[in-house]
Amino acid sequence: MTVDMSQFYEVFFDEAEELLAEAEHLLLEIDVQAPDIEQLNAIFRAAHSIKGGAATFGFMDMAEITHVLENLLDKLRKQEMALTTEHVDAFLAAKDVIKMQLDGHRHGATVNAEQVGDVSMMLKALSEGRGVEIPVDPLLAQSAPEPEVLQVAEQKPAMSLTDAEKSSGIRLYDVKLPTVTERDLTNLKDELALLGEVVVYQRQDQSHALMIKSDSSADDIVSICSFIVDTDLLVVSEAGTSAATETPSTEAKPTETQPAAASPVTAAAAPAEDLGYGFFDDDPIIAAATPAAAIAENATPNPTPTKEGKAAVDIVEEVGYGIFGRDGQEQTEEGYGFFAPFKPHPDAPKAQMIGDETPVSAAPAAVAVEASTTPVVAAQKPAVKETSAKKEPEKAAVQSTESSSIRVGVEKVDQLINLVGELVITQAMIEQRMNALDPVEHESLINSVTQLTRNTRDLQESVMSIRMMPMDFVFSRFPRMVRDLATKLGKKVEFVTIGAATELDKSLIERIVDPLTHLVRNSVDHGIEKPEQRRAMGKAEAGTLTLSASHKGGSIVIEVTDDGGGLNRDKILAKAASSGMSVSESMSDAEVYNLIFAPGFSTAEVVTDVSGRGVGMDVVKRNISAMGGNIDIRSALGYGTTISISLPLTLAILDGMSVSLGKSVYVVPLNLIMETLQPRAEDLKTVTGEGLMVHVRGEYLPIIALHALFNHPTHVTNPTDGVLLILEADGRKSALFVDRLVGQQQVVIKSLETNFKRIPGVSGATIMGDGSVALILDVPAIIQMGQTTNYVTGAQTFANQNFSTQPYTNA
Amino acid sequence: MNMTADTNNGLAGNNSSLKSAAGEYLTFVLGKEQYGIEILKVQEIRGYDAVTQIANMPSFIKGVVNLRGKIVPIVDLRIKFNLGNVEYNEFTVVIILNLGGRIVGIVVDGVSDVRELQEEHLREVPALVTRIDTKYIVGLATVEEEMLILVDIEKLMTSDEMQLLDNTVH
């Protein structure tokens with residue numbers, strides 16, 4: 001009977017985390033002076049969904065605080081209270097607390113109960129702030145000594161909706177309660193009063209029921225009730241102006257002959273908004289807010305009908321109600337509602353029918369099935385649920401931004417990417433073979449292969465895009481951090497993000513967060529000056545911190561720019577010298593700035609304007625390097641600093657330049673090639689007859705002969721006969737000497753280490769169009785190798801061969 | 001009784017390894033010698049394709065090939081064992097081994113047969129000085145008047161001697 005909830009925990013955690021992030025994002029965006037109701041609604045919904053999920057899974061601490069939060073938000077969105085900065089601060093604090101609780105449940109992290117209490121108090125205080133009647137919180141009020149006197153009507157009250165109310169999406173709900181204590185009833189009434197007008201009345205069987213006039217969805221009502229009563233025993237139905245009725249048996253049976261039900265198409269197509277059927281009544285049908293349904297709501301915004309749901313649809317159709325299936329379909333497409341797997345109660349078949357719009361026509365069908373009491377049918381009753389509020393068009397728009405997505409394991413995606421990579425290679429092979437064929441004779445084959453080529457390319461692009469995520473995922477967490485940090489430090493910081501839509505591989509997105517957090521923190525802490533200092537320097541009081549992302553060649557460039565004090569070259573040099581590093585006055589600015597990446601380069605007391613910039617910067621640098629990226633600094637004293645990170649777009653695919661060496665082909669990462677050139681003899685220089693260099697635009701760059709380094713036979717041994725690739729990595733430049741350039745292409749990176757081992761100077765391998773393997777050069781390692789032992793070997797190779805006779809030695 | 005045999009016989013430990021060595025073997029030729037490797041370690045047998053050479057490797061590591069999208073190193077056992085004629089043509093055979101998930105190809109002179117060997121067919125390897133350590137040889141067998149050298153190919157290929165793994169000391 002009991003559904004094992006733990007299997008859904010992860011889904012809830014993920015979902016809650018996303019909702020929190022979204023809520024935070026919205027909170028930071030909100031304009032306190034003129035809050036957008038839509039935003040408040042969205043925040044409310046997020047809080048509400050978390051509450052619902054938390055309650056479902058029994059995380060009562062989270063449910064409790066979200067509930068308080070939700071109450072306050074509700075008042076704000078109903079404009080019973082004006083939004084103030086304190087509210088926003090309190091909400092942000094609440095978000096942190098919820099996050100902490102979430103982590104507590106998820107990872108067993110410690111939860112600071114005091115903080116939870118503080119925030120809870122703060123929210124409640126704010127809630128009381130304007131003397132608005134505070135709802136008795138059901139969770140907190142369990143110790144409340146005396147419930148207030150409850151007004152219970154003896155008869156079902158005559159509540160109805162005016163046309164104006166109807167058109168503004170307000171609906172009338174009839175809620176039948178199980179036997180509850182008076183105190184619970186009071187709490188419930190107060191709770192529901194948040195949603196709208198509530199009247200409690202007593203039914204013939206002495207149980208209580210409520211009439212609610214609200215613009216909230218039935219879900220909201222059920223969720224609120226779930227704190228007090230067993231939702232299994234709850235019936236929520238929409239009571240219309242015309243069809244509200246107390247007679248279930250007559251209601252159920254006539255449905256079969258009702259025109260609306262008999263003509264499914266019209267029923268499904270009709271905008272049922274105003275019709276409002278009171279289809280459920282009395283005892284046989286008792287709504288069950290099954291956990292499964294609640295989970296479904298939280299888990300998948302746009303699910304397809306499940307097996308069980310489908311089965312139910314089929315059965316219903318057999319009975320003669322095509323509406324249900326179609327209707328369900330329509331709901332799914334529109335994201336209005338869906339079927340959820342439903343576990344029937346063992347002793348009594350129960351259905352949950354909560355509907356106000358589309359489910360209207362579906363519900364009678366279900367009622368009819370119910371009335372027929374076929375056990376099989378009853379056992380497979382689907383639960384029709386409506387996702388939260390979308391009474392107004394703009395709400396629906398907001399809803400759609402909560403886009404439908406599925407969660408898939410990264411390894412599955414990686415496998416897909418690998419397979420597509422294979423497909424691309426196979427396709428390239430076919431294409432190559434095809435080129436040998438007579439184009440006239442094999443015209444249709446050639447056409448088909450051309451189409452295959454196009455399709456494969458599209459496929460590859462789409463598959464690669466699965467792993468890509470917008471930088472917004474990273475950027476969105478910074479406004480909050482900057483805001484908090486600036487407040488704490490008494491600084492004014494304007495935070496600007498540029499290019500948040502730039503996409504980056506998911507694995508890189510995850511790994512960039514920590515280094516970037518460090519850099520942003522540093523910029524606020526040490527880059528941007530205090531307002532008075534800025535004023536004295538003639539700058540605007542508020543400093544600007546810009547986080548930007550953009551594509552540049554085969555890589556993505558992420559920059560953290562502040563208009564603060566900038567790095568002080570002299571102080572860094574002095575500090576470096578005093579800590580025993582080998583430095584000189586003649587070092588370039590870039591070299592000096594790079595010193596702050598040295599491990600242990602802490603300038604804390606000595607160099608106040610860059611203090612802390614050294615702390616952990618070596619870690620940042622190491623992280624970025626591990627991702628295959630580079631980091632460099634541009635700074636102007638008094639004007640600010642830019643820290644620029646460049647990363648490969650993805651780890652799986654590389655834009656490469658293939659070069660040939662003898663009979664082999666090697667691939668050089670394109671983003672590390674600055675330029676390629678064929679040197680003139682007079683540009684080649686040596687030191688002591690060895691140490692070959694090339695003179696390029698005023699710079700002397702060491703030449704690394706790949707054939708010498710790799711001990712690879714080739715006929716091209718004179719750089720003037722071959723090509724030099726000017727490579728740059730880790731701020732060092734070298735010229736790599738190869739035979740010739742073959743071409744530029746994207747290659748799928750394959751690990752050599754899977755079946756073999758790491759090879760010095762080689763970062764991986766790839767499979768070329770003809771099926772052969774080409775090695776991808778590890779440029780930083782090659783530059784390193786070239787500058788140490790092997791370079792000498794290379795030079796000697798030159799000297800021993802034909803270089804001693806070359807004219808360049810005395811040029 | 002077994003106990004006495006074990007304690008009296010210094011080769012007792014090896015006897016039990018001989019017992020576990022019983023099974024099916026793929027036999028191949030290197031020069032004039034017959035070798036056998038456990039059939040379960042063999043993934044497939046294929047011809048010798050164009051191999052991509054790798055810089056600064058010992059001569060017996062020929063390089064890597066593309067085996068349906070996987071990058072697989074190729075070792076020439078003929079060079080390593082200093083046997084047979086090292087030439088590469090359309091008759092050159094590569095045995096692709098799957099050693100606990102790692103895929104390696106070995107070049108041999110030719111593949112002969114699959115033999116099922118029982119414990120009674122197997123003999124100890126006497127102490128010898130050879131190009132490879134006798135610890136990689138699980139035993140010897142006589143099949144049709146020929147001596148079959150049974151190699152623990154997994155142990156051999158993952159050894160430092162073959163330099164196929166990262167922990168290799170160069």
# chains A, B, ... in the order shown; residues from 1 in each chain; ligands from 1

call {"tool": "select_by_dssp", "arguments": {"residues": "stretch 8-165 of chain B", "states": "helix (DSSP H, G or I)", "output": "PyMOL selection string"}}
result
chain B and resi 8+12-21+39-41+77-80+119-121+134-136+153-157+160-162

call {"tool": "residues_around", "arguments": {"residues": "B:Leu150", "least_positions_apart": "6", "cutoff": "7 Å", "atoms": "only C-alpha atoms", "output": "list in words"}}
result
Tyr35, Gly36, Ile37, Ile137, Val138, Gly139 and Leu140 of chain B

call {"tool": "write_last_selection", "arguments": {"atoms": "C-alpha atoms", "output": "short mmCIF file (atom, residue, chain, number, x, y, z; two decimals), in the first residue's frame"}}
result
data_model
loop_
_atom_site.label_atom_id
_atom_site.label_comp_id
_atom_site.auth_asym_id
_atom_site.auth_seq_id
_atom_site.Cartn_x
_atom_site.Cartn_y
_atom_site.Cartn_z
CA TYR B 35 52.26 -20.98 -27.32
CA GLY B 36 48.90 -21.19 -25.67
CA ILE B 37 46.80 -18.51 -24.01
CA ILE B 137 54.49 -19.26 -17.86
CA VAL B 138 51.83 -21.29 -16.13
CA GLY B 139 53.01 -24.63 -17.48
CA LEU B 140 54.00 -26.76 -20.41
#

call {"tool": "interface_residues", "arguments": {"of": "chain A", "to": "chain B", "cutoff": "12 Å", "atoms": "only C-alpha atoms", "output": "ChimeraX atom specification"}}
result
/A:418-426,661-666,706-713,748-762,764-777,790

call {"tool": "atom_distance", "arguments": {"atom1": "atom CA of A:Gly616", "atom2": "atom CA of A:His551"}}
result
26.8 Å

call {"tool": "select_by_dssp", "arguments": {"residues": "chain B", "states": "strand (DSSP E or B)", "output": "MDAnalysis selection string"}}
result
chainID B and resid 23:30 33:38 42:47 52 61:67 70:76 93:99 102:108 110:117 122:123 137:143 146:151

call {"tool": "atom_distance", "arguments": {"atom1": "atom CA of A:Ile430", "atom2": "atom CA of A:Gln451"}}
result
12.3 Å

call {"tool": "atom_distance", "arguments": {"atom1": "atom CA of A:Lys491", "atom2": "atom CA of A:Ala34"}}
result
24.8 Å

call {"tool": "residues_around", "arguments": {"residues": "stretch 75-82 of chain A", "least_positions_apart": "3", "cutoff": "7 Å", "atoms": "only C-alpha atoms", "output": "VMD selection string"}}
result
chain A and resid 37 40 to 41 71 to 72

call {"tool": "write_last_selection", "arguments": {"atoms": "C-alpha atoms", "output": "compact mmCIF listing (two decimals), in the first residue's frame"}}
result
# COMPACT_ATOMS: atom_id res chain seq x y z
CA ILE A 37 2.88 40.54 -9.38
CA LEU A 40 5.73 37.42 -6.72
CA ASN A 41 3.40 34.74 -7.98
CA ASN A 71 1.92 32.98 3.92
CA LEU A 72 3.92 36.14 3.74

call {"tool": "residues_around", "arguments": {"residues": "stretch 512-523 of chain A", "least_positions_apart": "4", "cutoff": "8 Å", "atoms": "only C-alpha atoms", "output": "list in words"}}
result
Val474, Phe478, Val482, Leu485, Leu508, Gly527, Ile528, Leu545, Val560, Thr561, Asp562, Gly564, Gly612, Arg613, Gly616, Val619, Val620, Asn623, Ile624 and Ile643 of chain A

call {"tool": "closest_residue", "arguments": {"among": "B:Pro58, B:Ala141, B:Thr134, B:Met162", "to": "B:Glu116", "atoms": "only C-alpha atoms"}}
result
B:Ala141

call {"tool": "residues_around", "arguments": {"residues": "stretch 76-86 of chain B", "least_positions_apart": "5", "cutoff": "8 Å", "atoms": "only C-alpha atoms", "output": "PyMOL selection string"}}
result
chain B and resi 30-32+59-62+106-109+131-132

call {"tool": "write_last_selection", "arguments": {"atoms": "N, CA and C atoms", "output": "PDB file, in the first residue's frame"}}
result
ATOM      1  N   LEU B  30      54.992 -18.899 -32.664  1.00  0.00           N
ATOM      2  CA  LEU B  30      55.990 -17.828 -32.714  1.00  0.00           C
ATOM      3  C   LEU B  30      57.286 -18.522 -33.100  1.00  0.00           C
ATOM      4  N   GLY B  31      57.763 -18.251 -34.306  1.00  0.00           N
ATOM      5  CA  GLY B  31      58.954 -18.967 -34.772  1.00  0.00           C
ATOM      6  C   GLY B  31      58.654 -20.458 -34.841  1.00  0.00           C
ATOM      7  N   LYS B  32      59.441 -21.259 -34.108  1.00  0.00           N
ATOM      8  CA  LYS B  32      59.191 -22.703 -34.118  1.00  0.00           C
ATOM      9  C   LYS B  32      58.488 -23.151 -32.846  1.00  0.00           C
ATOM     10  N   SER B  59      60.650  -1.009 -29.128  1.00  0.00           N
ATOM     11  CA  SER B  59      60.372  -1.474 -30.491  1.00  0.00           C
ATOM     12  C   SER B  59      59.204  -2.448 -30.572  1.00  0.00           C
ATOM     13  N   PHE B  60      58.951  -3.212 -29.500  1.00  0.00           N
ATOM     14  CA  PHE B  60      57.865  -4.195 -29.599  1.00  0.00           C
ATOM     15  C   PHE B  60      56.481  -3.565 -29.486  1.00  0.00           C
ATOM     16  N   ILE B  61      56.399  -2.304 -29.016  1.00  0.00           N
ATOM     17  CA  ILE B  61      55.106  -1.627 -29.039  1.00  0.00           C
ATOM     18  C   ILE B  61      54.986  -0.941 -30.388  1.00  0.00           C
ATOM     19  N   LYS B  62      54.155  -1.511 -31.248  1.00  0.00           N
ATOM     20  CA  LYS B  62      54.084  -1.018 -32.618  1.00  0.00           C
ATOM     21  C   LYS B  62      53.321   0.290 -32.717  1.00  0.00           C
ATOM     22  N   ILE B 106      48.031  -8.402 -29.865  1.00  0.00           N
ATOM     23  CA  ILE B 106      49.381  -8.968 -29.958  1.00  0.00           C
ATOM     24  C   ILE B 106      49.591  -9.536 -31.356  1.00  0.00           C
ATOM     25  N   VAL B 107      50.756  -9.275 -31.896  1.00  0.00           N
ATOM     26  CA  VAL B 107      51.086  -9.790 -33.222  1.00  0.00           C
ATOM     27  C   VAL B 107      51.826 -11.111 -33.043  1.00  0.00           C
ATOM     28  N   VAL B 108      51.363 -12.155 -33.750  1.00  0.00           N
ATOM     29  CA  VAL B 108      52.017 -13.473 -33.688  1.00  0.00           C
ATOM     30  C   VAL B 108      52.234 -13.974 -35.114  1.00  0.00           C
ATOM     31  N   ASP B 109      52.985 -15.054 -35.234  1.00  0.00           N
ATOM     32  CA  ASP B 109      53.242 -15.598 -36.571  1.00  0.00           C
ATOM     33  C   ASP B 109      51.987 -16.231 -37.164  1.00  0.00           C
ATOM     34  N   ARG B 131      63.932 -15.012 -22.261  1.00  0.00           N
ATOM     35  CA  ARG B 131      63.703 -13.591 -22.506  1.00  0.00           C
ATOM     36  C   ARG B 131      62.564 -13.037 -21.668  1.00  0.00           C
ATOM     37  N   ILE B 132      61.647 -13.938 -21.325  1.00  0.00           N
ATOM     38  CA  ILE B 132      60.612 -13.482 -20.391  1.00  0.00           C
ATOM     39  C   ILE B 132      60.714 -14.315 -19.138  1.00  0.00           C
TER      40      ILE B 132
END

call {"tool": "decode", "arguments": {"residues": "stretch 78-100 of chain B", "atoms": "C-alpha atoms", "output": "PDB file, in the first residue's frame"}}
result
ATOM      1  CA  ARG B  78      57.706 -11.712 -32.152  1.00  0.00           C
ATOM      2  CA  ILE B  79      59.937  -8.751 -31.322  1.00  0.00           C
ATOM      3  CA  LYS B  80      59.430  -9.083 -27.604  1.00  0.00           C
ATOM      4  CA  PHE B  81      60.219 -12.820 -27.628  1.00  0.00           C
ATOM      5  CA  ASN B  82      62.810 -12.416 -30.371  1.00  0.00           C
ATOM      6  CA  LEU B  83      61.190 -15.142 -32.447  1.00  0.00           C
ATOM      7  CA  GLY B  84      59.982 -15.573 -35.988  1.00  0.00           C
ATOM      8  CA  ASN B  85      60.273 -13.264 -38.934  1.00  0.00           C
ATOM      9  CA  VAL B  86      59.226  -9.752 -38.157  1.00  0.00           C
ATOM     10  CA  GLU B  87      57.448  -8.735 -41.282  1.00  0.00           C
ATOM     11  CA  TYR B  88      54.024  -7.280 -41.832  1.00  0.00           C
ATOM     12  CA  ASN B  89      51.865  -8.467 -44.692  1.00  0.00           C
ATOM     13  CA  GLU B  90      48.328  -9.601 -45.355  1.00  0.00           C
ATOM     14  CA  PHE B  91      48.992 -12.854 -43.465  1.00  0.00           C
ATOM     15  CA  THR B  92      50.144 -11.154 -40.284  1.00  0.00           C
ATOM     16  CA  VAL B  93      47.770 -12.032 -37.458  1.00  0.00           C
ATOM     17  CA  VAL B  94      46.779  -9.903 -34.500  1.00  0.00           C
ATOM     18  CA  ILE B  95      45.094 -11.491 -31.507  1.00  0.00           C
ATOM     19  CA  ILE B  96      42.935  -8.951 -29.715  1.00  0.00           C
ATOM     20  CA  LEU B  97      42.932  -9.668 -26.006  1.00  0.00           C
ATOM     21  CA  ASN B  98      40.490  -8.384 -23.461  1.00  0.00           C
ATOM     22  CA  LEU B  99      42.265  -8.306 -20.149  1.00  0.00           C
ATOM     23  CA  GLY B 100      39.808  -7.195 -17.535  1.00  0.00           C
TER      24      GLY B 100
END
